[in-house]
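Here is the structure we will look at.
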Amino acid sequence: MPIRPQSLLFEITARCNLNCLYCYNVWKDDCGYPCGDCSAELDTASIKRLLAKAVRESGVSQVTITGGEPFLHDDLVEIIGYLAKMGLAVGLIANGTAGGERMYRDAVKAGAGIVEIPLLSSERAIHNAMTRGTAFDLATERLVDVKSAGGRTCAVIVLTKMNMHDVRETIAMAAVLGADSVMINRFNVGGEGRRHVDELLPSPAELTAALLEAEAAAEEWQMPIFSSVPVQPCLVDLSQFKRMRFGTCPACTDKGYYTIDPLGNLRPCNHSPTILGNLFESDFQALAGNVAAAAYRAARPAFCSDCAIVDDCQGGCKAAAEACGGCVGGEEPFLARNKESVRKKREQGHKLGLGLEAWGRSKRHTAGRPAESNVHYVHSVHSVQSARRSEGAPRMGGVKRHDKDSCCNPDHRRYRGGRNVHHPPPNDHR
Ligand code: SF4
Ligand code: SF4
């Protein structure tokens, strides 16, 4: 049966003008991801050929362009126009600081439907500290520019220890800036973010408090609000949330957002370093249906094996488990760090997984979200966690690496053995 996802994500460039603390770009690690020094890119004719082929073979109706920072690519507007002329909905994920007002206007005019831009805090100093730049003023200006050019915006909050106190004010600011929706994602560890887990990753109690503030603000401002990165219901009681919608992992299903990197490699999602194969060499359907994709789909942490809702929850984010522990079926940091509380609750006979009705409302990332916006906020991304990493490799951000040879799931061992096979595009595609 062919896999028919709604959308694809295209990382047009690995280059970025910022170096955000929370960035999950897969090449932001010393993992050997095949983007070289991040300057390796396809020429524009090859990009068009690649995207036309991917769209034809997958049957998607939407392509979201991200990076790196997409506005660093000279031909971004031309490529947006090319996709729009194919009748596709085109989304953009950008940091707001590359490309000026004119380029944003041109992007909207060319066909960019919804533009996702981070608004990390209402406090300039916090937004700038999280992005390690002076991004706040430009990001807020671009949110306004897109609206005044007739486009739609999604303000993205990456929820961390640094900005969780300010969520309510940040959503109010998004409303004042005219944002059409807010995506509030808990910090999902990967890439550069792996180096900052202790300073960024909130506890379940902190996350709950911030999400409740977000829900109150969304109610106050009548703002559509989504939490796309999975929040495990054994860690946060989702029954408290009447308005907010929560996502679960759609990777490698027809609800997923398969991601194409700057060289044409296809991955399960933008957070995952796993390469399913290269689209210049193989058909989309062959890659989406291959053994690595099936293993990705089936992966669950051993800790969750006797949980009644494991097939829906799937233990949270597989890519974060993969980026931090080397195994897609391992425990992602938010679960690994807090699972003792779950174990205790289990021992005490507590009912786990409260709030599934709230969760079920949005079963998958895409449900209830703006049509063109169905990706986790990205824009910093992960790291490739090389399967080759040796046992006992250094801990990063307090997250212990997974030992692939004693992996909890025998399928993962098989899978890991064959993963991340790099299929470089032919020379004429470079
Ligand atoms: S599947 Fe795992 S993470 Fe999800 S609710 Fe159950 S125990 Fe928690
Ligand atoms: S692996 Fe994580 S980032 Fe990727 S689709 Fe699943 S939940 Fe989202």
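Convention: chains lettered A, B, ... in structure tokens order; per-chain residue numbering from 1; ligands numbered from 1 as shown.
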
Non-local contacts of range 48-58 of chain A (9 Å; only C-alpha atoms; under 5 positions in same chain excluded) as a VMD selection string: chain A and resid 2 to 8 10 43 63 79 82 to 83 86 260 264 279 to 280 283 to 285

Exercise answer, 9 Å around ligand 2 with only C-alpha atoms and all ligand atoms, as JSON, numbers by chain: {"A": [188, 228, 229, 230, 247, 248, 249, 250, 251, 252, 256, 257, 258, 268, 269, 270, 271, 272, 296, 314, 316, 317, 318, 319, 320, 321, 322, 328, 365, 375, 376]}

Pick from A:Thr253, A:Lys147, A:Pro262, A:Glu199, whichever lies nearest to Gly289 in chain A using only C-alpha atoms: A:Thr253

Given 9 Å and only C-alpha atoms and all ligand atoms, residues near ligand 1 as a ChimeraX atom specification: /A:231-235,300-316,331,335,339,342-343,352-354

Take the selection from the previous step and output its residues with C-alpha atoms, as a PDB file, in the first residue's frame.
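This went into part28.pdb:
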```pdb
ATOM      1  CA  VAL A 231       3.888  15.227  25.757  1.00  0.00           C
ATOM      2  CA  GLN A 232       3.640  11.861  27.481  1.00  0.00           C
ATOM      3  CA  PRO A 233       0.391  11.540  29.445  1.00  0.00           C
ATOM      4  CA  CYS A 234       2.129   9.617  32.222  1.00  0.00           C
ATOM      5  CA  LEU A 235       4.280  12.700  32.879  1.00  0.00           C
ATOM      6  CA  ARG A 300       8.759   1.771  21.254  1.00  0.00           C
ATOM      7  CA  PRO A 301      10.849   2.092  24.431  1.00  0.00           C
ATOM      8  CA  ALA A 302      11.078  -1.107  26.492  1.00  0.00           C
ATOM      9  CA  PHE A 303       9.986   0.920  29.526  1.00  0.00           C
ATOM     10  CA  CYS A 304       6.618   1.438  27.865  1.00  0.00           C
ATOM     11  CA  SER A 305       6.068  -2.142  26.796  1.00  0.00           C
ATOM     12  CA  ASP A 306       3.322  -2.883  29.319  1.00  0.00           C
ATOM     13  CA  CYS A 307       1.650   0.525  29.119  1.00  0.00           C
ATOM     14  CA  ALA A 308      -1.944   0.346  27.920  1.00  0.00           C
ATOM     15  CA  ILE A 309      -1.557   3.325  25.617  1.00  0.00           C
ATOM     16  CA  VAL A 310       1.855   2.604  24.192  1.00  0.00           C
ATOM     17  CA  ASP A 311       0.650   2.278  20.612  1.00  0.00           C
ATOM     18  CA  ASP A 312      -0.730   5.783  20.698  1.00  0.00           C
ATOM     19  CA  CYS A 313       1.853   7.501  22.871  1.00  0.00           C
ATOM     20  CA  GLN A 314       4.832   5.547  21.532  1.00  0.00           C
ATOM     21  CA  GLY A 315       6.902   6.831  24.439  1.00  0.00           C
ATOM     22  CA  GLY A 316       7.211  10.360  23.069  1.00  0.00           C
ATOM     23  CA  GLU A 331      13.917   6.596  25.915  1.00  0.00           C
ATOM     24  CA  LEU A 335      10.981  10.316  29.665  1.00  0.00           C
ATOM     25  CA  LYS A 339      10.481   7.805  34.438  1.00  0.00           C
ATOM     26  CA  VAL A 342       6.073   6.998  36.495  1.00  0.00           C
ATOM     27  CA  ARG A 343       7.424   3.796  37.989  1.00  0.00           C
ATOM     28  CA  LEU A 352      -1.667   6.617  34.122  1.00  0.00           C
ATOM     29  CA  GLY A 353      -2.396   8.406  30.919  1.00  0.00           C
ATOM     30  CA  LEU A 354      -4.951  10.881  32.218  1.00  0.00           C
TER      31      LEU A 354
END
```

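Taking CA of Ser121 in chain A and CA of Thr140 in chain A as the two end points, the separation is 10.6 Å.
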
Point-to-point distance in Å for CA of Ala295 in chain A and CA of Arg267 in chain A: 13.0 Å

Those in range 145-378 of chain A with strand (DSSP E or B) from DSSP, as a ChimeraX atom specification: /A:152-159,181-186,225-227,245-246,257-260,265-267,277-278

CA of Leu266 in chain A to CA of Ala288 in chain A, straight-line distance in Å: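 We find that CA of Ala288 in chain A and CA of Leu266 in chain A lie 8.5 Å from each other.
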
Neighbour list for Val77 in chain A as an MDAnalysis selection string, cut-off 9 Å, only C-alpha atoms, skip fewer than 6 positions in-chain: chainID A and resid 71 103:104 106:112

Given the selection you just returned, output its residues as a file containing N, CA and C atoms, formatted as a compact mmCIF listing (two decimals), in the first residue's frame.
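Generated file (part.txt):
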```txt
# COMPACT_ATOMS: atom_id res chain seq x y z
N PHE A 71 16.00 31.68 4.27
CA PHE A 71 16.20 32.97 3.60
C PHE A 71 17.66 33.24 3.25
N MET A 103 12.15 40.73 1.02
CA MET A 103 12.22 39.32 0.66
C MET A 103 11.03 38.55 1.26
N TYR A 104 10.64 38.93 2.46
CA TYR A 104 9.47 38.27 3.06
C TYR A 104 8.22 38.58 2.24
N ASP A 106 8.13 39.32 -0.90
CA ASP A 106 8.24 38.57 -2.16
C ASP A 106 7.88 37.09 -1.96
N ALA A 107 8.30 36.55 -0.80
CA ALA A 107 8.00 35.14 -0.51
C ALA A 107 6.49 34.92 -0.43
N VAL A 108 5.81 35.85 0.24
CA VAL A 108 4.35 35.73 0.36
C VAL A 108 3.71 35.89 -1.02
N LYS A 109 4.21 36.87 -1.76
CA LYS A 109 3.66 37.10 -3.11
C LYS A 109 3.86 35.89 -4.01
N ALA A 110 5.00 35.22 -3.82
CA ALA A 110 5.30 34.06 -4.67
C ALA A 110 4.45 32.84 -4.30
N GLY A 111 3.86 32.86 -3.09
CA GLY A 111 2.98 31.74 -2.76
C GLY A 111 3.18 31.13 -1.38
N ALA A 112 4.05 31.71 -0.55
CA ALA A 112 4.21 31.16 0.81
C ALA A 112 2.92 31.44 1.58
```

Near-Met223 in chain A list (9 Å; only C-alpha atoms; drop same-chain fewer than 2 positions) as number ranges by chain: A: 171, 175, 179-182, 217-221, 225

Next, write the just-selected residues to a file, as a compact mmCIF listing (two decimals), in the first residue's frame, keeping N, CA and C atoms as the atom set.
```txt
# COMPACT_ATOMS: atom_id res chain seq x y z
N ILE A 171 2.35 34.89 24.47
CA ILE A 171 1.17 34.62 23.63
C ILE A 171 0.37 35.91 23.41
N ALA A 175 -0.46 37.60 19.77
CA ALA A 175 -1.78 38.07 19.35
C ALA A 175 -1.72 39.51 18.87
N ALA A 179 -0.46 37.25 14.92
CA ALA A 179 -0.23 35.84 14.58
C ALA A 179 -1.57 35.11 14.43
N ASP A 180 -1.63 34.22 13.46
CA ASP A 180 -2.86 33.44 13.24
C ASP A 180 -2.95 32.26 14.19
N SER A 181 -1.81 31.79 14.67
CA SER A 181 -1.81 30.67 15.60
C SER A 181 -0.49 30.68 16.35
N VAL A 182 -0.48 29.89 17.41
CA VAL A 182 0.75 29.72 18.21
C VAL A 182 1.04 28.24 18.31
N ALA A 217 -3.84 31.88 28.33
CA ALA A 217 -3.60 32.99 27.41
C ALA A 217 -4.31 32.75 26.08
N ALA A 218 -4.29 31.50 25.63
CA ALA A 218 -4.96 31.19 24.36
C ALA A 218 -6.46 31.44 24.46
N GLU A 219 -7.01 31.13 25.63
CA GLU A 219 -8.43 31.38 25.87
C GLU A 219 -8.70 32.89 25.86
N GLU A 220 -7.86 33.58 26.57
CA GLU A 220 -8.04 35.03 26.69
C GLU A 220 -7.98 35.71 25.32
N TRP A 221 -7.07 35.26 24.47
CA TRP A 221 -6.86 35.91 23.18
C TRP A 221 -7.55 35.17 22.03
N ILE A 225 -4.01 27.15 19.44
CA ILE A 225 -2.72 26.82 20.06
C ILE A 225 -2.50 25.31 20.01
```

Those in range 55-304 of chain A with helix (DSSP H, G or I) from DSSP, as an MDAnalysis selection string: chainID A and resid 55:58 70:72 76:85 101:110 124:131 136:148 164:176 191:200 204:221 238:240 284:288 291:298 302:304
